>>> print(open('run-v9.cif').read())   # mmCIF, C-alpha atoms and all ligand atoms
data_query
loop_
_atom_site.label_atom_id
_atom_site.label_comp_id
_atom_site.auth_asym_id
_atom_site.auth_seq_id
_atom_site.Cartn_x
_atom_site.Cartn_y
_atom_site.Cartn_z
CA MET P 1 -85.43 -112.78 36.36
CA PHE P 2 -87.82 -111.41 38.97
CA VAL P 3 -90.98 -113.49 39.49
CA GLU P 4 -93.83 -111.89 41.42
CA PRO P 5 -94.57 -113.43 44.84
CA GLU P 6 -98.10 -114.86 45.22
CA VAL P 7 -99.18 -112.94 48.30
CA GLU P 8 -101.85 -110.33 48.73
CA LYS P 9 -99.73 -108.01 50.83
CA GLY P 10 -97.90 -104.79 50.16
CA TRP P 11 -94.16 -104.69 49.51
CA ILE P 12 -91.39 -102.62 47.93
CA GLU P 13 -89.18 -103.61 44.97
CA VAL P 14 -86.13 -101.64 43.88
CA ILE P 15 -84.49 -101.98 40.47
CA CYS P 16 -81.12 -100.21 40.52
CA GLY P 17 -77.94 -99.88 38.49
CA SER P 18 -75.92 -97.48 36.36
CA MET P 19 -77.14 -95.69 33.28
CA PHE P 20 -77.77 -97.95 30.26
CA SER P 21 -78.32 -100.97 32.53
CA GLY P 22 -81.96 -101.50 31.51
CA LYS P 23 -83.60 -100.30 34.76
CA THR P 24 -86.54 -98.61 33.06
CA GLU P 25 -87.06 -101.57 30.68
CA GLU P 26 -87.25 -103.88 33.71
CA LEU P 27 -89.68 -101.49 35.46
CA ILE P 28 -91.90 -101.37 32.35
CA ARG P 29 -91.72 -105.19 32.03
CA ARG P 30 -93.01 -105.61 35.61
CA LEU P 31 -95.73 -102.95 35.17
CA ARG P 32 -96.87 -104.58 31.95
CA ARG P 33 -97.19 -107.97 33.70
CA SER P 34 -99.25 -106.33 36.47
CA LYS P 35 -101.62 -104.94 33.84
CA LEU P 36 -101.90 -108.38 32.25
CA ALA P 37 -102.89 -109.65 35.71
CA HIS P 38 -105.73 -107.06 35.71
CA GLN P 39 -104.15 -104.93 38.41
CA LYS P 40 -104.53 -101.17 38.43
CA VAL P 41 -101.19 -99.51 37.85
CA ARG P 42 -100.17 -95.91 38.39
CA THR P 43 -96.69 -94.64 37.55
CA PHE P 44 -94.84 -91.52 38.67
CA LYS P 45 -91.63 -89.78 37.76
CA PRO P 46 -89.93 -86.60 38.97
CA ALA P 47 -91.11 -83.50 37.10
CA ILE P 48 -87.42 -82.73 36.49
CA ASP P 49 -87.03 -85.63 34.02
CA VAL P 50 -88.48 -84.22 30.82
CA ARG P 51 -85.78 -85.37 28.42
CA TYR P 52 -87.93 -87.24 25.91
CA ASP P 53 -91.56 -86.97 26.86
CA GLU P 54 -93.61 -84.84 29.29
CA SER P 55 -95.78 -87.57 30.75
CA ASN P 56 -94.28 -90.91 29.76
CA VAL P 57 -91.58 -93.03 31.33
CA VAL P 58 -89.30 -93.54 28.37
CA SER P 59 -86.30 -95.81 28.34
CA HIS P 60 -83.29 -95.29 26.09
CA ASN P 61 -84.65 -97.82 23.63
CA ALA P 62 -87.92 -95.87 23.33
CA ASN P 63 -90.00 -98.39 25.22
CA SER P 64 -92.61 -96.11 26.82
CA TRP P 65 -95.20 -96.17 29.60
CA GLU P 66 -97.64 -93.49 30.73
CA SER P 67 -96.57 -91.72 33.93
CA ILE P 68 -97.47 -88.70 36.03
CA PRO P 69 -94.73 -86.09 36.55
CA ILE P 70 -94.66 -84.83 40.17
CA LYS P 71 -92.49 -82.37 42.09
CA HIS P 72 -92.59 -83.93 45.58
CA SER P 73 -93.00 -87.54 46.68
CA SER P 74 -95.87 -86.60 49.05
CA GLU P 75 -98.06 -85.90 45.97
CA ILE P 76 -98.14 -89.66 45.32
CA LEU P 77 -100.49 -90.24 48.28
CA ASN P 78 -103.14 -87.98 46.72
CA LEU P 79 -102.74 -89.37 43.22
CA ILE P 80 -102.79 -93.17 43.67
CA GLY P 81 -106.58 -93.48 43.34
CA ASP P 82 -107.51 -97.17 43.50
CA ALA P 83 -104.13 -98.42 42.25
CA ASP P 84 -102.87 -101.87 43.27
CA VAL P 85 -99.39 -101.25 41.91
CA VAL P 86 -97.35 -98.03 42.01
CA GLY P 87 -94.37 -97.60 39.67
CA ILE P 88 -91.76 -94.90 40.29
CA ASP P 89 -89.01 -94.15 37.76
CA GLU P 90 -85.84 -92.06 38.26
CA ALA P 91 -86.33 -92.50 42.01
CA GLN P 92 -82.86 -91.05 42.71
CA PHE P 93 -84.09 -87.55 41.80
CA PHE P 94 -86.84 -87.57 44.44
CA ASP P 95 -86.70 -85.94 47.89
CA MET P 96 -85.69 -87.84 51.05
CA GLU P 97 -89.33 -88.33 52.04
CA LEU P 98 -89.80 -90.94 49.30
CA PRO P 99 -88.78 -93.98 51.42
CA SER P 100 -91.39 -93.11 54.07
CA ILE P 101 -94.05 -92.54 51.37
CA CYS P 102 -93.22 -95.97 49.88
CA ASN P 103 -93.53 -97.58 53.32
CA GLN P 104 -96.97 -96.01 53.72
CA LEU P 105 -98.03 -97.39 50.32
CA ALA P 106 -96.74 -100.88 51.15
CA GLU P 107 -98.56 -100.77 54.48
CA ARG P 108 -101.75 -100.03 52.55
CA LYS P 109 -101.08 -103.35 50.73
CA LEU P 110 -99.84 -101.76 47.52
CA ARG P 111 -96.99 -103.20 45.50
CA VAL P 112 -94.39 -100.45 44.98
CA ILE P 113 -91.80 -100.84 42.19
CA LEU P 114 -89.02 -98.26 41.95
CA ALA P 115 -86.26 -97.86 39.37
CA GLY P 116 -83.29 -95.58 39.89
CA LEU P 117 -79.57 -94.91 39.69
CA ASP P 118 -77.87 -96.31 42.79
CA MET P 119 -74.75 -94.13 42.35
CA ASP P 120 -74.16 -90.66 40.92
CA PHE P 121 -71.36 -89.91 38.44
CA LYS P 122 -68.90 -89.52 41.33
CA GLY P 123 -69.61 -93.07 42.49
CA ASN P 124 -71.53 -91.92 45.59
CA PRO P 125 -74.93 -93.33 46.70
CA PHE P 126 -77.64 -91.27 45.01
CA GLY P 127 -80.36 -89.38 46.99
CA PRO P 128 -83.00 -91.61 48.61
CA MET P 129 -81.77 -94.80 46.84
CA PRO P 130 -79.67 -96.25 49.73
CA ALA P 131 -82.63 -95.94 52.13
CA LEU P 132 -85.04 -97.40 49.55
CA MET P 133 -82.70 -100.35 48.92
CA ALA P 134 -82.42 -100.99 52.66
CA MET P 135 -86.18 -100.92 53.20
CA ALA P 136 -87.24 -102.87 50.10
CA GLU P 137 -88.26 -106.53 50.30
CA TYR P 138 -86.69 -107.15 46.86
CA VAL P 139 -83.66 -105.43 45.32
CA THR P 140 -82.54 -106.19 41.77
CA LYS P 141 -79.24 -104.74 40.61
CA VAL P 142 -79.03 -104.67 36.83
CA HIS P 143 -75.74 -104.15 35.02
CA ALA P 144 -74.66 -102.36 31.88
CA ILE P 145 -71.67 -103.18 29.70
CA CYS P 146 -68.52 -101.05 30.14
CA MET P 147 -68.26 -98.85 27.07
CA LYS P 148 -64.44 -98.93 27.33
CA CYS P 149 -63.57 -102.59 27.87
CA GLY P 150 -66.77 -104.64 27.51
CA ASN P 151 -66.84 -105.98 31.10
CA VAL P 152 -69.85 -105.77 33.36
CA ALA P 153 -70.45 -102.12 34.38
CA SER P 154 -71.93 -100.72 37.61
CA TYR P 155 -70.72 -97.12 37.34
CA THR P 156 -71.90 -94.08 35.40
CA PHE P 157 -68.99 -92.04 34.10
CA LYS P 158 -69.47 -88.43 33.04
CA ARG P 159 -67.22 -87.30 30.23
CA ILE P 160 -67.48 -83.54 30.70
CA ARG P 161 -66.67 -82.61 34.27
CA ASN P 162 -68.72 -80.21 36.31
CA ASP P 163 -70.37 -80.39 39.70
CA GLN P 164 -74.01 -80.57 38.76
CA THR P 165 -75.16 -83.99 39.94
CA VAL P 166 -78.69 -83.50 38.66
CA GLU P 167 -78.09 -83.41 34.97
CA LEU P 168 -80.14 -85.46 32.57
CA GLY P 169 -78.48 -88.21 30.72
CA GLU P 170 -77.66 -88.34 27.08
CA ARG P 171 -75.46 -90.83 25.37
CA ASP P 172 -72.84 -88.22 24.50
CA LEU P 173 -72.43 -87.10 28.12
CA TYR P 174 -72.45 -90.36 30.07
CA GLU P 175 -70.90 -93.80 29.75
CA ALA P 176 -71.45 -97.03 31.63
CA ARG P 177 -68.10 -98.21 33.01
CA CYS P 178 -66.67 -101.03 35.11
CA ARG P 179 -64.89 -100.21 38.36
CA SER P 180 -61.38 -100.03 36.90
CA CYS P 181 -62.32 -97.98 33.79
CA PHE P 182 -64.38 -95.65 36.03
CA ASN P 183 -61.41 -95.12 38.40
CA GLU P 184 -59.08 -94.58 35.46
CA GLY P 185 -61.43 -91.94 34.01
CA MET P 186 -61.83 -90.19 37.38
CA ALA P 187 -58.01 -90.06 37.83
CA MET P 188 -57.61 -88.58 34.34
CA ALA P 189 -60.30 -85.99 35.08
CA ARG P 190 -58.57 -85.01 38.36
CA GLU P 191 -55.30 -84.61 36.49
CA GLN P 192 -57.06 -82.46 33.89
CA ILE P 193 -58.53 -80.24 36.62
CA SER P 194 -55.17 -79.75 38.34
CA MET P 195 -53.59 -78.88 34.95
CA ASP P 196 -56.33 -76.30 34.34
CA LEU P 197 -55.68 -74.58 37.71
ZN ZN P 201 -64.14 -101.34 31.76
#
>>> encode(input="run-v9.cif", output="structure tokens", more="lines below")
Ligand code: ZN
Amino acid sequence: MFVEPEVEKGWIEVICGSMFSGKTEELIRRLRRSKLAHQKVRTFKPAIDVRYDESNVVSHNANSWESIPIKHSSEILNLIGDADVVGIDEAQFFDMELPSICNQLAERKLRVILAGLDMDFKGNPFGPMPALMAMAEYVTKVHAICMKCGNVASYTFKRIRNDQTVELGERDLYEARCRSCFNEGMAMAREQISMDL
């Protein structure tokens, strides 16, 4: 369990993992603790993520937190106001300028907490996440449970195959899977594609 360091300096925290791993719950837990500590919190999410609520960060278990939808990471600099803590959800969908924006915030002594998918449904590193994980002082990888075999899961498997990486998650479209069940599913999908050709 992450415990906040007792220093009055800026830093970056990344919470990453597959879908259904509890990333947003962990982000909300940390933001809630900051509020309890009387810190000013401002939270952002990509304007693309409108699956449940226009202006709230909403986890799959309907835990919610007010957030500002933005189109480009550079908007954060104009919108932080007098915040001490900046939360960013669905960080994988942001542009590649996000890591540099987060560095600027940390250098201004803000605490930056990001949550995001570390890999896309093909098992590749997702958008700005690898850079964010490299630059962060603290990285927490949370795990889901494989929906096929019950082992620990780090992968997001997409049941219906197409090439749109930016597609918003629903339980019927995505599954958390362990490495071997993910590879098995990908092999079956490749076989299906070659049969269709
Ligand atoms: Zn499995």
>>> closest_residue(input="run-v9.cif", among="P:Arg42, P:Lys158, P:Lys109, P:Arg33", to="P:Ile76", atoms="only C-alpha atoms")
P:Arg42
>>> closest_atom_pairs(input="run-v9.cif", of="chain P", to="ligand ZN 201 (chain P)", cutoff="8 Å", atoms="only C-alpha atoms and all ligand atoms", output="JSON lines")
{"residue": "P:Cys146", "atom": "CA", "partner": "P:ZN201", "partner_atom": "ZN", "distance": 4.7}
{"residue": "P:Met147", "atom": "CA", "partner": "P:ZN201", "partner_atom": "ZN", "distance": 6.7}
{"residue": "P:Lys148", "atom": "CA", "partner": "P:ZN201", "partner_atom": "ZN", "distance": 5.1}
{"residue": "P:Cys149", "atom": "CA", "partner": "P:ZN201", "partner_atom": "ZN", "distance": 4.1}
{"residue": "P:Gly150", "atom": "CA", "partner": "P:ZN201", "partner_atom": "ZN", "distance": 6.0}
{"residue": "P:Asn151", "atom": "CA", "partner": "P:ZN201", "partner_atom": "ZN", "distance": 5.4}
{"residue": "P:Val152", "atom": "CA", "partner": "P:ZN201", "partner_atom": "ZN", "distance": 7.4}
{"residue": "P:Ala153", "atom": "CA", "partner": "P:ZN201", "partner_atom": "ZN", "distance": 6.9}
{"residue": "P:Arg177", "atom": "CA", "partner": "P:ZN201", "partner_atom": "ZN", "distance": 5.2}
{"residue": "P:Cys178", "atom": "CA", "partner": "P:ZN201", "partner_atom": "ZN", "distance": 4.2}
{"residue": "P:Arg179", "atom": "CA", "partner": "P:ZN201", "partner_atom": "ZN", "distance": 6.7}
{"residue": "P:Ser180", "atom": "CA", "partner": "P:ZN201", "partner_atom": "ZN", "distance": 6.0}
{"residue": "P:Cys181", "atom": "CA", "partner": "P:ZN201", "partner_atom": "ZN", "distance": 4.3}
{"residue": "P:Phe182", "atom": "CA", "partner": "P:ZN201", "partner_atom": "ZN", "distance": 7.1}
>>> residues_around(input="run-v9.cif", residues="P:Leu117", least_positions_apart="4", cutoff="9 Å", atoms="all atoms listed in the file", output="PyMOL selection string")
chain P and resi 15-19+23+90-93+125-126+129+156
>>> atom_distance(input="run-v9.cif", atom1="atom CA of P:Val41", atom2="atom CA of P:Ala83")
5.4 Å
>>> closest_residue(input="run-v9.cif", among="P:Phe121, P:Phe157, P:Tyr138, P:Phe20", to="P:Phe2", atoms="all atoms listed in the file")
P:Tyr138
>>> atom_distance(input="run-v9.cif", atom1="atom CA of P:Trp65", atom2="atom CA of P:Ala144")
21.6 Å
>>> closest_residue(input="run-v9.cif", among="P:Val142, P:Met188, P:Leu173, P:Met1", to="P:Gly22", atoms="all atoms listed in the file")
P:Val142
>>> atom_distance(input="run-v9.cif", atom1="atom CA of P:Asp82", atom2="atom CA of P:Pro5")
20.8 Å
>>> residues_around(input="run-v9.cif", residues="P:Leu79", least_positions_apart="3", cutoff="12 Å", atoms="all atoms listed in the file", output="list in words")
Val41, Arg42, Thr43, Phe44, Ser67, Ile68, Pro69, Ile70, His72, Ser73, Ser74, Glu75, Ile76, Asp82, Ala83, Val86 and Leu105 of chain P
>>> write_last_selection(input="run-v9.cif", atoms="C-alpha atoms", output="compact mmCIF listing (two decimals), keeping the file's coordinate frame")
# COMPACT_ATOMS: atom_id res chain seq x y z
CA VAL P 41 -101.19 -99.51 37.85
CA ARG P 42 -100.17 -95.91 38.39
CA THR P 43 -96.69 -94.64 37.55
CA PHE P 44 -94.84 -91.52 38.67
CA SER P 67 -96.57 -91.72 33.93
CA ILE P 68 -97.47 -88.70 36.03
CA PRO P 69 -94.73 -86.09 36.55
CA ILE P 70 -94.66 -84.83 40.17
CA HIS P 72 -92.59 -83.93 45.58
CA SER P 73 -93.00 -87.54 46.68
CA SER P 74 -95.87 -86.60 49.05
CA GLU P 75 -98.06 -85.90 45.97
CA ILE P 76 -98.14 -89.66 45.32
CA ASP P 82 -107.51 -97.17 43.50
CA ALA P 83 -104.13 -98.42 42.25
CA VAL P 86 -97.35 -98.03 42.01
CA LEU P 105 -98.03 -97.39 50.32
